[in-house]
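One file, model_20.pdb, is given below (PDB, N, CA and C atoms and all ligand atoms).
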ATOM      1  N   MET A 567     -19.293   2.099  34.180
ATOM      2  CA  MET A 567     -18.652   2.022  32.856
ATOM      3  C   MET A 567     -17.905   3.323  32.569
ATOM      4  N   SER A 568     -16.674   3.189  32.120
ATOM      5  CA  SER A 568     -15.972   4.391  31.678
ATOM      6  C   SER A 568     -15.068   4.047  30.517
ATOM      7  N   ILE A 569     -14.664   5.050  29.832
ATOM      8  CA  ILE A 569     -13.799   4.866  28.671
ATOM      9  C   ILE A 569     -12.396   4.500  29.122
ATOM     10  N   GLU A 570     -11.854   3.496  28.498
ATOM     11  CA  GLU A 570     -10.471   3.099  28.786
ATOM     12  C   GLU A 570      -9.559   3.550  27.664
ATOM     13  N   ILE A 571      -8.310   3.818  28.003
ATOM     14  CA  ILE A 571      -7.307   4.057  26.974
ATOM     15  C   ILE A 571      -6.652   2.723  26.659
ATOM     16  N   GLN A 572      -6.660   2.354  25.402
ATOM     17  CA  GLN A 572      -6.031   1.105  25.010
ATOM     18  C   GLN A 572      -4.879   1.393  24.066
ATOM     19  N   ASN A 573      -3.743   0.857  24.398
ATOM     20  CA  ASN A 573      -2.620   0.930  23.470
ATOM     21  C   ASN A 573      -2.670  -0.297  22.587
ATOM     22  N   THR A 574      -2.832  -0.067  21.311
ATOM     23  CA  THR A 574      -2.970  -1.217  20.433
ATOM     24  C   THR A 574      -2.166  -0.994  19.163
ATOM     25  N   LYS A 575      -1.870  -2.086  18.526
ATOM     26  CA  LYS A 575      -1.108  -2.006  17.291
ATOM     27  C   LYS A 575      -2.026  -1.520  16.172
ATOM     28  N   ALA A 576      -1.519  -0.600  15.359
ATOM     29  CA  ALA A 576      -2.294  -0.149  14.211
ATOM     30  C   ALA A 576      -1.444  -0.320  12.960
ATOM     31  N   TYR A 577      -2.107  -0.479  11.842
ATOM     32  CA  TYR A 577      -1.427  -0.660  10.558
ATOM     33  C   TYR A 577      -1.731   0.547   9.694
ATOM     34  N   TYR A 578      -0.707   1.288   9.312
ATOM     35  CA  TYR A 578      -0.894   2.512   8.544
ATOM     36  C   TYR A 578      -0.778   2.232   7.046
ATOM     37  N   ALA A 579      -1.768   2.647   6.316
ATOM     38  CA  ALA A 579      -1.763   2.516   4.848
ATOM     39  C   ALA A 579      -1.411   3.886   4.264
ATOM     40  N   PRO A 580      -0.156   4.090   3.803
ATOM     41  CA  PRO A 580       0.328   5.433   3.448
ATOM     42  C   PRO A 580      -0.389   6.085   2.267
ATOM     43  N   THR A 581      -0.710   5.312   1.246
ATOM     44  CA  THR A 581      -1.385   5.912   0.089
ATOM     45  C   THR A 581      -2.806   6.320   0.458
ATOM     46  N   LYS A 582      -3.449   5.475   1.241
ATOM     47  CA  LYS A 582      -4.800   5.774   1.712
ATOM     48  C   LYS A 582      -4.771   6.867   2.780
ATOM     49  N   GLY A 583      -3.693   6.897   3.566
ATOM     50  CA  GLY A 583      -3.570   7.913   4.602
ATOM     51  C   GLY A 583      -4.423   7.636   5.830
ATOM     52  N   ARG A 584      -4.623   6.349   6.133
ATOM     53  CA  ARG A 584      -5.432   5.989   7.312
ATOM     54  C   ARG A 584      -4.820   4.822   8.062
ATOM     55  N   ARG A 585      -5.167   4.709   9.332
ATOM     56  CA  ARG A 585      -4.720   3.575  10.150
ATOM     57  C   ARG A 585      -5.815   2.537  10.247
ATOM     58  N   TYR A 586      -5.399   1.299  10.321
ATOM     59  CA  TYR A 586      -6.347   0.197  10.447
ATOM     60  C   TYR A 586      -5.937  -0.703  11.607
ATOM     61  N   LEU A 587      -6.901  -1.396  12.174
ATOM     62  CA  LEU A 587      -6.604  -2.262  13.314
ATOM     63  C   LEU A 587      -6.251  -3.679  12.881
ATOM     64  N   SER A 588      -6.531  -4.010  11.640
ATOM     65  CA  SER A 588      -6.073  -5.319  11.178
ATOM     66  C   SER A 588      -5.184  -5.155   9.950
ATOM     67  N   LYS A 589      -4.206  -6.035   9.881
ATOM     68  CA  LYS A 589      -3.250  -6.001   8.777
ATOM     69  C   LYS A 589      -3.975  -6.195   7.449
ATOM     70  N   GLN A 590      -4.907  -7.149   7.450
ATOM     71  CA  GLN A 590      -5.647  -7.452   6.233
ATOM     72  C   GLN A 590      -6.418  -6.223   5.736
ATOM     73  N   ALA A 591      -7.072  -5.525   6.648
ATOM     74  CA  ALA A 591      -7.849  -4.336   6.276
ATOM     75  C   ALA A 591      -6.925  -3.249   5.720
ATOM     76  N   ALA A 592      -5.763  -3.076   6.345
ATOM     77  CA  ALA A 592      -4.815  -2.054   5.881
ATOM     78  C   ALA A 592      -4.295  -2.393   4.493
ATOM     79  N   ILE A 593      -3.967  -3.644   4.291
ATOM     80  CA  ILE A 593      -3.436  -4.083   2.995
ATOM     81  C   ILE A 593      -4.480  -3.886   1.893
ATOM     82  N   ARG A 594      -5.718  -4.260   2.180
ATOM     83  CA  ARG A 594      -6.771  -4.116   1.170
ATOM     84  C   ARG A 594      -7.045  -2.640   0.859
ATOM     85  N   ALA A 595      -7.080  -1.810   1.888
ATOM     86  CA  ALA A 595      -7.340  -0.375   1.687
ATOM     87  C   ALA A 595      -6.204   0.272   0.912
ATOM     88  N   GLU A 596      -4.973  -0.117   1.238
ATOM     89  CA  GLU A 596      -3.809   0.437   0.548
ATOM     90  C   GLU A 596      -3.820   0.030  -0.926
ATOM     91  N   ALA A 597      -4.099  -1.243  -1.188
ATOM     92  CA  ALA A 597      -4.155  -1.732  -2.569
ATOM     93  C   ALA A 597      -5.222  -0.967  -3.358
ATOM     94  N   ARG A 598      -6.383  -0.805  -2.754
ATOM     95  CA  ARG A 598      -7.483  -0.072  -3.376
ATOM     96  C   ARG A 598      -7.072   1.381  -3.693
ATOM     97  N   ALA A 599      -6.369   2.013  -2.748
ATOM     98  CA  ALA A 599      -5.944   3.402  -2.940
ATOM     99  C   ALA A 599      -4.917   3.509  -4.066
ATOM    100  N   ILE A 600      -4.011   2.524  -4.139
ATOM    101  CA  ILE A 600      -3.001   2.530  -5.203
ATOM    102  C   ILE A 600      -3.678   2.360  -6.568
ATOM    103  N   ILE A 601      -4.663   1.478  -6.644
ATOM    104  CA  ILE A 601      -5.391   1.278  -7.902
ATOM    105  C   ILE A 601      -6.110   2.573  -8.294
ATOM    106  N   GLU A 602      -6.733   3.207  -7.325
ATOM    107  CA  GLU A 602      -7.452   4.460  -7.590
ATOM    108  C   GLU A 602      -6.511   5.543  -8.148
ATOM    109  N   LYS A 603      -5.276   5.544  -7.652
ATOM    110  CA  LYS A 603      -4.279   6.491  -8.131
ATOM    111  C   LYS A 603      -3.865   6.173  -9.565
ATOM    112  N   HIS A 604      -3.723   4.877  -9.820
ATOM    113  CA  HIS A 604      -3.239   4.400 -11.111
ATOM    114  C   HIS A 604      -4.317   4.520 -12.199
ATOM    115  N   VAL A 605      -5.524   4.130 -11.871
ATOM    116  CA  VAL A 605      -6.645   4.241 -12.814
ATOM    117  C   VAL A 605      -7.812   4.932 -12.094
ATOM    118  N   PRO A 606      -7.751   6.270 -12.047
ATOM    119  CA  PRO A 606      -8.745   7.013 -11.262
ATOM    120  C   PRO A 606     -10.172   6.804 -11.761
ATOM    121  N   SER A 607     -11.087   6.735 -10.811
ATOM    122  CA  SER A 607     -12.503   6.634 -11.172
ATOM    123  C   SER A 607     -12.993   7.993 -11.645
ATOM    124  N   ILE A 608     -14.015   7.951 -12.495
ATOM    125  CA  ILE A 608     -14.659   9.178 -12.949
ATOM    126  C   ILE A 608     -16.071   9.180 -12.370
ATOM    127  N   LYS A 609     -16.395  10.250 -11.668
ATOM    128  CA  LYS A 609     -17.724  10.312 -11.045
ATOM    129  C   LYS A 609     -18.802  10.412 -12.115
ATOM    130  N   PRO A 610     -19.968   9.825 -11.831
ATOM    131  CA  PRO A 610     -21.067   9.974 -12.787
ATOM    132  C   PRO A 610     -21.500  11.431 -12.896
ATOM    133  N   CYS A 611     -22.033  11.809 -14.038
ATOM    134  CA  CYS A 611     -22.499  13.179 -14.249
ATOM    135  C   CYS A 611     -23.694  13.473 -13.341
ATOM    136  N   ARG A 612     -23.689  14.676 -12.754
ATOM    137  CA  ARG A 612     -24.859  15.086 -11.975
ATOM    138  C   ARG A 612     -25.865  15.705 -12.947
ATOM    139  N   CYS A 613     -26.439  14.841 -13.719
ATOM    140  CA  CYS A 613     -27.263  15.298 -14.841
ATOM    141  C   CYS A 613     -28.396  16.235 -14.414
ATOM    142  N   SER A 614     -28.534  17.318 -15.148
ATOM    143  CA  SER A 614     -29.726  18.164 -15.039
ATOM    144  C   SER A 614     -29.935  18.766 -16.424
ATOM    145  N   PRO A 615     -31.159  19.119 -16.748
ATOM    146  CA  PRO A 615     -31.424  19.647 -18.102
ATOM    147  C   PRO A 615     -30.556  20.867 -18.431
ATOM    148  N   GLU A 616     -30.315  21.763 -17.417
ATOM    149  CA  GLU A 616     -29.529  22.970 -17.692
ATOM    150  C   GLU A 616     -28.039  22.642 -17.797
ATOM    151  N   TYR A 617     -27.590  21.729 -16.922
ATOM    152  CA  TYR A 617     -26.162  21.454 -16.795
ATOM    153  C   TYR A 617     -25.596  20.748 -18.016
ATOM    154  N   CYS A 618     -26.267  19.709 -18.466
ATOM    155  CA  CYS A 618     -25.683  18.906 -19.555
ATOM    156  C   CYS A 618     -26.743  18.384 -20.514
ATOM    157  N   GLY A 619     -27.974  18.774 -20.290
ATOM    158  CA  GLY A 619     -29.024  18.262 -21.161
ATOM    159  C   GLY A 619     -29.277  16.785 -20.941
ATOM    160  N   MET A 620     -29.096  16.340 -19.683
ATOM    161  CA  MET A 620     -29.337  14.946 -19.309
ATOM    162  C   MET A 620     -28.531  13.962 -20.178
ATOM    163  N   CYS A 621     -27.212  14.105 -20.081
ATOM    164  CA  CYS A 621     -26.352  13.265 -20.923
ATOM    165  C   CYS A 621     -26.358  11.794 -20.483
ATOM    166  N   GLY A 622     -26.612  11.564 -19.208
ATOM    167  CA  GLY A 622     -26.688  10.186 -18.722
ATOM    168  C   GLY A 622     -25.327   9.527 -18.552
ATOM    169  N   ASP A 623     -24.247  10.323 -18.520
ATOM    170  CA  ASP A 623     -22.900   9.764 -18.351
ATOM    171  C   ASP A 623     -22.792   9.051 -17.002
ATOM    172  N   PRO A 624     -22.597   7.729 -17.003
ATOM    173  CA  PRO A 624     -22.597   6.975 -15.756
ATOM    174  C   PRO A 624     -21.256   7.009 -15.021
ATOM    175  N   GLY A 625     -20.257   7.711 -15.571
ATOM    176  CA  GLY A 625     -18.930   7.695 -14.948
ATOM    177  C   GLY A 625     -18.228   6.377 -15.232
ATOM    178  N   TRP A 626     -17.114   6.168 -14.528
ATOM    179  CA  TRP A 626     -16.347   4.969 -14.787
ATOM    180  C   TRP A 626     -15.563   4.605 -13.534
ATOM    181  N   SER A 627     -15.494   3.303 -13.240
ATOM    182  CA  SER A 627     -14.531   2.863 -12.235
ATOM    183  C   SER A 627     -14.006   1.494 -12.620
ATOM    184  N   CYS A 628     -12.725   1.318 -12.356
ATOM    185  CA  CYS A 628     -12.093   0.044 -12.701
ATOM    186  C   CYS A 628     -12.840  -1.101 -12.034
ATOM    187  N   GLU A 629     -13.192  -0.902 -10.748
ATOM    188  CA  GLU A 629     -13.833  -1.983  -9.994
ATOM    189  C   GLU A 629     -15.150  -2.427 -10.622
ATOM    190  N   THR A 630     -15.955  -1.450 -11.081
ATOM    191  CA  THR A 630     -17.265  -1.777 -11.636
ATOM    192  C   THR A 630     -17.180  -2.142 -13.115
ATOM    193  N   ASP A 631     -16.368  -1.394 -13.862
ATOM    194  CA  ASP A 631     -16.404  -1.527 -15.311
ATOM    195  C   ASP A 631     -15.364  -2.487 -15.877
ATOM    196  N   GLN A 632     -14.314  -2.739 -15.106
ATOM    197  CA  GLN A 632     -13.320  -3.717 -15.551
ATOM    198  C   GLN A 632     -12.968  -4.637 -14.377
ATOM    199  N   PRO A 633     -13.975  -5.374 -13.885
ATOM    200  CA  PRO A 633     -13.785  -6.153 -12.652
ATOM    201  C   PRO A 633     -12.625  -7.148 -12.719
ATOM    202  N   GLU A 634     -12.375  -7.705 -13.901
ATOM    203  CA  GLU A 634     -11.275  -8.677 -13.999
ATOM    204  C   GLU A 634      -9.926  -7.995 -13.831
ATOM    205  N   ARG A 635      -9.795  -6.836 -14.451
ATOM    206  CA  ARG A 635      -8.572  -6.056 -14.323
ATOM    207  C   ARG A 635      -8.384  -5.629 -12.860
ATOM    208  N   PHE A 636      -9.483  -5.180 -12.239
ATOM    209  CA  PHE A 636      -9.437  -4.748 -10.848
ATOM    210  C   PHE A 636      -9.000  -5.910  -9.948
ATOM    211  N   ALA A 637      -9.577  -7.077 -10.169
ATOM    212  CA  ALA A 637      -9.237  -8.257  -9.359
ATOM    213  C   ALA A 637      -7.773  -8.624  -9.528
ATOM    214  N   ARG A 638      -7.271  -8.489 -10.756
ATOM    215  CA  ARG A 638      -5.870  -8.801 -11.036
ATOM    216  C   ARG A 638      -4.957  -7.832 -10.281
ATOM    217  N   TYR A 639      -5.270  -6.547 -10.344
ATOM    218  CA  TYR A 639      -4.487  -5.540  -9.611
ATOM    219  C   TYR A 639      -4.529  -5.802  -8.108
ATOM    220  N   MET A 640      -5.730  -6.100  -7.593
ATOM    221  CA  MET A 640      -5.876  -6.341  -6.158
ATOM    222  C   MET A 640      -4.989  -7.511  -5.725
ATOM    223  N   ALA A 641      -5.045  -8.592  -6.489
ATOM    224  CA  ALA A 641      -4.267  -9.788  -6.136
ATOM    225  C   ALA A 641      -2.779  -9.469  -6.135
ATOM    226  N   MET A 642      -2.350  -8.753  -7.181
ATOM    227  CA  MET A 642      -0.940  -8.401  -7.328
ATOM    228  C   MET A 642      -0.479  -7.508  -6.174
ATOM    229  N   LEU A 643      -1.259  -6.469  -5.906
ATOM    230  CA  LEU A 643      -0.856  -5.482  -4.901
ATOM    231  C   LEU A 643      -0.939  -6.025  -3.477
ATOM    232  N   THR A 644      -1.990  -6.776  -3.169
ATOM    233  CA  THR A 644      -2.094  -7.304  -1.804
ATOM    234  C   THR A 644      -0.941  -8.268  -1.538
ATOM    235  N   ALA A 645      -0.587  -9.082  -2.544
ATOM    236  CA  ALA A 645       0.546 -10.005  -2.371
ATOM    237  C   ALA A 645       1.840  -9.230  -2.169
ATOM    238  N   ALA A 646       2.048  -8.186  -2.977
ATOM    239  CA  ALA A 646       3.279  -7.395  -2.877
ATOM    240  C   ALA A 646       3.360  -6.683  -1.526
ATOM    241  N   LEU A 647       2.242  -6.099  -1.097
ATOM    242  CA  LEU A 647       2.238  -5.369   0.175
ATOM    243  C   LEU A 647       2.498  -6.320   1.341
ATOM    244  N   LYS A 648       1.901  -7.504   1.270
ATOM    245  CA  LYS A 648       2.075  -8.497   2.327
ATOM    246  C   LYS A 648       3.530  -8.945   2.414
ATOM    247  N   SER A 649       4.143  -9.218   1.267
ATOM    248  CA  SER A 649       5.515  -9.744   1.302
ATOM    249  C   SER A 649       6.501  -8.642   1.683
ATOM    250  N   LYS A 650       6.220  -7.410   1.287
ATOM    251  CA  LYS A 650       7.066  -6.278   1.648
ATOM    252  C   LYS A 650       7.084  -6.096   3.172
ATOM    253  N   MET A 651       5.912  -6.267   3.786
ATOM    254  CA  MET A 651       5.828  -6.148   5.244
ATOM    255  C   MET A 651       6.666  -7.210   5.936
ATOM    256  N   GLY A 652       6.574  -8.436   5.400
ATOM    257  CA  GLY A 652       7.338  -9.530   5.973
ATOM    258  C   GLY A 652       8.830  -9.280   5.912
ATOM    259  N   GLN A 653       9.296  -8.831   4.716
ATOM    260  CA  GLN A 653      10.722  -8.605   4.501
ATOM    261  C   GLN A 653      11.314  -7.582   5.450
ATOM    262  N   ARG A 654      10.609  -6.468   5.572
ATOM    263  CA  ARG A 654      11.162  -5.381   6.367
ATOM    264  C   ARG A 654      10.999  -5.632   7.862
ATOM    265  N   GLY A 655      10.182  -6.660   8.185
ATOM    266  CA  GLY A 655       9.968  -6.991   9.580
ATOM    267  C   GLY A 655       9.427  -5.821  10.375
ATOM    268  N   CYS A 656       8.520  -5.038   9.772
ATOM    269  CA  CYS A 656       8.037  -3.838  10.465
ATOM    270  C   CYS A 656       7.325  -4.201  11.754
ATOM    271  N   GLU A 657       6.650  -5.333  11.751
ATOM    272  CA  GLU A 657       5.903  -5.676  12.962
ATOM    273  C   GLU A 657       6.845  -5.891  14.131
ATOM    274  N   LYS A 658       7.919  -6.635  13.887
ATOM    275  CA  LYS A 658       8.875  -6.916  14.958
ATOM    276  C   LYS A 658       9.512  -5.635  15.466
ATOM    277  N   ARG A 659       9.888  -4.776  14.513
ATOM    278  CA  ARG A 659      10.529  -3.530  14.874
ATOM    279  C   ARG A 659       9.592  -2.678  15.745
ATOM    280  N   MET A 660       8.333  -2.627  15.351
ATOM    281  CA  MET A 660       7.349  -1.855  16.110
ATOM    282  C   MET A 660       7.217  -2.396  17.528
ATOM    283  N   GLU A 661       7.188  -3.718  17.647
ATOM    284  CA  GLU A 661       7.037  -4.312  18.973
ATOM    285  C   GLU A 661       8.212  -3.946  19.864
ATOM    286  N   ARG A 662       9.415  -3.992  19.292
ATOM    287  CA  ARG A 662      10.598  -3.673  20.086
ATOM    288  C   ARG A 662      10.559  -2.225  20.585
ATOM    289  N   LYS A 663      10.095  -1.341  19.692
ATOM    290  CA  LYS A 663      10.030   0.077  20.044
ATOM    291  C   LYS A 663       9.167   0.308  21.289
ATOM    292  N   HIS A 664       8.148  -0.533  21.446
ATOM    293  CA  HIS A 664       7.217  -0.319  22.557
ATOM    294  C   HIS A 664       7.632  -1.002  23.849
ATOM    295  N   ASP A 665       8.735  -1.754  23.822
ATOM    296  CA  ASP A 665       9.161  -2.477  25.026
ATOM    297  C   ASP A 665       9.571  -1.526  26.134
TER     298      ASP A 665
HETATM  299 ZN    ZN B   1     -25.188  14.648 -17.609
END
Please render this file's structure as structure tokens.
Ligand SMILES: [Zn+2]
Amino acid sequence: MSIEIQNTKAYYAPTKGRRYLSKQAAIRAEARAIIEKHVPSIKPCRCSPEYCGMCGDPGWSCETDQPERFARYMAMLTAALKSKMGQRGCEKRMERKHD
């Protein structure tokens, strides 16, 4: 057994700044990153008696606290990202580059 080098197609999600091996995964990660930029999550307080007197602030995230809004954004963005990819024909262009 040895490690092989595999040349494979990857999908780059620019807002997220990562590559994915499936289009669906890239689209979902990109949509999630765009939502995070638009409505940033707030981390929960690291409560301690000295730090904040145990305020109990649970933080906030669109996904947890406004799930309907989050679902609406996800649907909108994944559809837009998918159709944008189709229009520009990035997949075809990429394939040609590797010929
Ligand atoms: Zn606190």
- Task: Would you mind listing what lies within 12 Å of Ala646 (chain A) as a PyMOL selection string, with only C-alpha atoms counted and same-chain residues fewer than 4 positions away left out?
- Result: chain A and resi 593-594+596-597+600+639-642+650-653
- Task: Take atom N of Ile608 (chain A) and atom C of Thr644 (chain A) and report the distance between them in Å, one decimal.
- Result: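 Spanning atom N of Ile608 (chain A) to atom C of Thr644 (chain A) is a straight-line distance of 23.5 Å.
What the PyMOL selection byres (((chain A and resi 582) around 6.5) and not hetatm) grabs from this file is Ala579, Pro580, Thr581, Gly583, Arg584, Ala595, Glu596, Ala599 and Ile600 of chain A.
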Selection from above, N, CA and C atoms, as a CSV table (one decimal), in the coordinates of the input, can you write it?
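Written out: again-v1.csv:
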chain,number,residue,atom,x,y,z
A,579,ALA,N,-1.8,2.6,6.3
A,579,ALA,CA,-1.8,2.5,4.8
A,579,ALA,C,-1.4,3.9,4.3
A,580,PRO,N,-0.2,4.1,3.8
A,580,PRO,CA,0.3,5.4,3.4
A,580,PRO,C,-0.4,6.1,2.3
A,581,THR,N,-0.7,5.3,1.2
A,581,THR,CA,-1.4,5.9,0.1
A,581,THR,C,-2.8,6.3,0.5
A,583,GLY,N,-3.7,6.9,3.6
A,583,GLY,CA,-3.6,7.9,4.6
A,583,GLY,C,-4.4,7.6,5.8
A,584,ARG,N,-4.6,6.3,6.1
A,584,ARG,CA,-5.4,6.0,7.3
A,584,ARG,C,-4.8,4.8,8.1
A,595,ALA,N,-7.1,-1.8,1.9
A,595,ALA,CA,-7.3,-0.4,1.7
A,595,ALA,C,-6.2,0.3,0.9
A,596,GLU,N,-5.0,-0.1,1.2
A,596,GLU,CA,-3.8,0.4,0.5
A,596,GLU,C,-3.8,0.0,-0.9
A,599,ALA,N,-6.4,2.0,-2.7
A,599,ALA,CA,-5.9,3.4,-2.9
A,599,ALA,C,-4.9,3.5,-4.1
A,600,ILE,N,-4.0,2.5,-4.1
A,600,ILE,CA,-3.0,2.5,-5.2
A,600,ILE,C,-3.7,2.4,-6.6
- Task: Return as a PyMOL selection string every polymer residue, whether protein, DNA or RNA, with at least one atom no more than 7 Å from an atom of ligand ZN 1 (chain B); count only N, CA and C atoms and all ligand atoms.
- Result: chain A and resi 610-614+617-623
- Query: What does the distance between CA of Tyr586 (chain A) and atom C of Lys609 (chain A) come to in Å, to one decimal place?
  - Reply: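 Pair CA of Tyr586 (chain A) / atom C of Lys609 (chain A) returns 27.7 Å.
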- Message: I'd like to know which of A:Leu587, A:Ala592, A:Ile569, A:Cys628 is closest to Val605 (chain A), using all atoms listed in the file.
- Response: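 Using all atoms listed in the file, Val605 (chain A) sits closest to A:Cys628.
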- Interatomic distance (Å, one decimal) between CA of Leu643 (chain A) and CA of Arg598 (chain A):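 Here the two named atoms are 8.7 Å from each other.
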- Quick one: of A:Ser649, A:Ile601, A:Met567, A:Tyr578, who's nearest to Phe636 (chain A), counting only N, CA and C atoms? A:Ile601
- Write down as JSON, numbers by chain the residues belonging to chain A that are assigned strand (DSSP E or B) by DSSP computed on the backbone. {"A": [577, 578, 579, 584, 585, 586, 608, 626]}
Just need the box for region 621-630 of chain A, edges along x, y and z, holding every atom the file lists for it with 3 Å tacked onto each side, so centre and edge lengths in Å to one decimal, as lines of an AutoDock Vina configuration file.
center_x = -19.7
center_y = 5.8
center_z = -15.5
size_x = 21.1
size_y = 22.5
size_z = 16.9
- Item | Backbone-only DSSP, helix (DSSP H, G or I) members of region 600-644 of chain A, as number ranges by chain | A: 600-604, 628-631, 633-644
